[in-house]
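Notes follow the structure.
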Amino acid sequence: EAQVTQNPRYLITVTGKKLTVTCSQNMNHEYMSWYRQDPGLGLRQIYYSMNVEVTDKGDVPEGYKVSRKEKRNFPLILESPSPNQTSLYFCASSSWGGKNTEAFFGQGTRLTVV
Amino acid sequence: GQQLNQSPQSMFIQEGEDVSMNCTSSSIFNTWLWYKQDPGEGPVLLIALYKAGELTSNGRLTAQFGITRKDSFLNISASIPSDVGIYFCARGSGGSNYKLTFGKGTLLTVNP
């Protein structure tokens, strides 16, 4: 079954404690991205990756890092989380180019930073 | 970044009614996508549009890519309770339409 898998689904952490949210896709997609969803703001892109070792900032990258060492995985790293990073996070993947731009989303990770 | 204006922000309707929502952009783009997000889930693609003027249906859903390439609408006919959720428009950009920008969403509530 084609899917994007995020872990964990729920996470409560304290300010400053480094954390990683994992994302894995089994569709051999080149393109992966991270979004955060906040009430009234919709989905905003944090970082994206066009292929292995190719990443770039989205619209709200501050406070986040990513890596793309393998095609299937695209972890989101918060080196020093702060309360304003409390949000619902989604990973998405899609094929590169043309009509294959429809993104498939994971089920989300709800992060609370206290 | 580029902004998408999605309206309305929320809708409360009775079961059986038709619904319409739309998105506009100040720039032209090559792709419009419509997603639905159920509570506690990630967004799921409903309809994808790739040509100006294109009108596409998916069951009770119909979406159109505006002729100016700056807008799109989504209609839902004969709404049912499971239509409840947040509907997002998104437009593609970048050399191969790989970068998606989302509207802020329309929260739809359907009263049985």
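Chains: A, B, ... in order of the structure tokens. Residues: from 1 per chain. Ligands: from 1, in order shown.
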Contacts of Ala103 (chain A) within 8 Å, only C-alpha atoms, excl. fewer than 3 positions in-chain, as a PyMOL selection string: (chain A and resi 92-95) or (chain B and resi 45)
### Task
Please report as number ranges by chain which residues of chain A come no farther than 10 Å from chain B, using only C-alpha atoms.
A: 4, 30-33, 37-45, 48-50, 58-60, 88-110
Just the residues within 12 Å of Leu19 (chain A), please, counting only C-alpha atoms, with nothing from its chain fewer than 4 positions along; format it as a PDB file with N, CA and C atoms, in the first residue's frame.
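Final file, part.pdb:
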```pdb
ATOM      1  N   ASN A   7       6.407   9.425  12.360  1.00  0.00           N
ATOM      2  CA  ASN A   7       6.481   9.022  13.763  1.00  0.00           C
ATOM      3  C   ASN A   7       7.256  10.047  14.581  1.00  0.00           C
ATOM      4  N   PRO A   8       6.798  10.324  15.807  1.00  0.00           N
ATOM      5  CA  PRO A   8       5.587   9.765  16.418  1.00  0.00           C
ATOM      6  C   PRO A   8       4.332  10.508  15.956  1.00  0.00           C
ATOM      7  N   LEU A  11       3.599  13.994  20.442  1.00  0.00           N
ATOM      8  CA  LEU A  11       4.828  14.197  21.209  1.00  0.00           C
ATOM      9  C   LEU A  11       4.689  15.437  22.068  1.00  0.00           C
ATOM     10  N   ILE A  12       4.986  15.263  23.345  1.00  0.00           N
ATOM     11  CA  ILE A  12       5.064  16.395  24.262  1.00  0.00           C
ATOM     12  C   ILE A  12       6.502  16.466  24.741  1.00  0.00           C
ATOM     13  N   THR A  13       7.112  17.639  24.623  1.00  0.00           N
ATOM     14  CA  THR A  13       8.497  17.782  25.020  1.00  0.00           C
ATOM     15  C   THR A  13       8.700  19.104  25.740  1.00  0.00           C
ATOM     16  N   VAL A  14       9.910  19.296  26.251  1.00  0.00           N
ATOM     17  CA  VAL A  14      10.219  20.526  26.970  1.00  0.00           C
ATOM     18  C   VAL A  14      11.093  21.423  26.110  1.00  0.00           C
ATOM     19  N   THR A  15      11.021  22.690  26.379  1.00  0.00           N
ATOM     20  CA  THR A  15      11.815  23.670  25.638  1.00  0.00           C
ATOM     21  C   THR A  15      13.290  23.304  25.662  1.00  0.00           C
ATOM     22  N   GLY A  63      14.220  27.603  12.915  1.00  0.00           N
ATOM     23  CA  GLY A  63      14.110  26.691  14.047  1.00  0.00           C
ATOM     24  C   GLY A  63      14.050  25.229  13.661  1.00  0.00           C
ATOM     25  N   TYR A  64      14.147  24.940  12.364  1.00  0.00           N
ATOM     26  CA  TYR A  64      14.058  23.562  11.875  1.00  0.00           C
ATOM     27  C   TYR A  64      15.271  23.210  11.026  1.00  0.00           C
ATOM     28  N   LYS A  65      15.569  21.915  11.006  1.00  0.00           N
ATOM     29  CA  LYS A  65      16.554  21.373  10.087  1.00  0.00           C
ATOM     30  C   LYS A  65      15.985  20.116   9.466  1.00  0.00           C
ATOM     31  N   VAL A  66      16.510  19.748   8.304  1.00  0.00           N
ATOM     32  CA  VAL A  66      16.109  18.501   7.650  1.00  0.00           C
ATOM     33  C   VAL A  66      17.350  17.848   7.068  1.00  0.00           C
ATOM     34  N   PRO A  75      13.682  13.176   7.610  1.00  0.00           N
ATOM     35  CA  PRO A  75      13.398  13.562   8.997  1.00  0.00           C
ATOM     36  C   PRO A  75      13.412  15.071   9.209  1.00  0.00           C
ATOM     37  N   LEU A  76      12.575  15.510  10.133  1.00  0.00           N
ATOM     38  CA  LEU A  76      12.513  16.914  10.550  1.00  0.00           C
ATOM     39  C   LEU A  76      13.141  17.026  11.931  1.00  0.00           C
ATOM     40  N   ILE A  77      14.096  17.919  12.075  1.00  0.00           N
ATOM     41  CA  ILE A  77      14.862  18.034  13.315  1.00  0.00           C
ATOM     42  C   ILE A  77      14.610  19.389  13.948  1.00  0.00           C
ATOM     43  N   LEU A  78      14.278  19.368  15.227  1.00  0.00           N
ATOM     44  CA  LEU A  78      14.173  20.598  15.999  1.00  0.00           C
ATOM     45  C   LEU A  78      15.300  20.569  17.016  1.00  0.00           C
ATOM     46  N   GLU A  79      16.343  21.351  16.776  1.00  0.00           N
ATOM     47  CA  GLU A  79      17.540  21.315  17.626  1.00  0.00           C
ATOM     48  C   GLU A  79      17.244  21.840  19.028  1.00  0.00           C
ATOM     49  N   SER A  80      16.453  22.880  19.113  1.00  0.00           N
ATOM     50  CA  SER A  80      16.121  23.482  20.404  1.00  0.00           C
ATOM     51  C   SER A  80      14.673  23.963  20.359  1.00  0.00           C
ATOM     52  N   PRO A  81      13.738  23.050  20.550  1.00  0.00           N
ATOM     53  CA  PRO A  81      12.323  23.411  20.389  1.00  0.00           C
ATOM     54  C   PRO A  81      11.894  24.523  21.329  1.00  0.00           C
ATOM     55  N   SER A  82      10.977  25.335  20.827  1.00  0.00           N
ATOM     56  CA  SER A  82      10.398  26.395  21.642  1.00  0.00           C
ATOM     57  C   SER A  82       8.873  26.288  21.570  1.00  0.00           C
ATOM     58  N   GLN A  85       6.743  26.471  18.442  1.00  0.00           N
ATOM     59  CA  GLN A  85       6.786  25.367  17.498  1.00  0.00           C
ATOM     60  C   GLN A  85       5.756  24.291  17.832  1.00  0.00           C
ATOM     61  N   LEU A 111       2.761  18.055  17.908  1.00  0.00           N
ATOM     62  CA  LEU A 111       3.865  18.369  18.822  1.00  0.00           C
ATOM     63  C   LEU A 111       3.454  19.468  19.784  1.00  0.00           C
ATOM     64  N   THR A 112       3.704  19.232  21.049  1.00  0.00           N
ATOM     65  CA  THR A 112       3.499  20.245  22.079  1.00  0.00           C
ATOM     66  C   THR A 112       4.824  20.493  22.777  1.00  0.00           C
ATOM     67  N   VAL A 113       5.248  21.758  22.813  1.00  0.00           N
ATOM     68  CA  VAL A 113       6.495  22.138  23.487  1.00  0.00           C
ATOM     69  C   VAL A 113       6.126  22.989  24.710  1.00  0.00           C
TER      70      VAL A 113
END
```
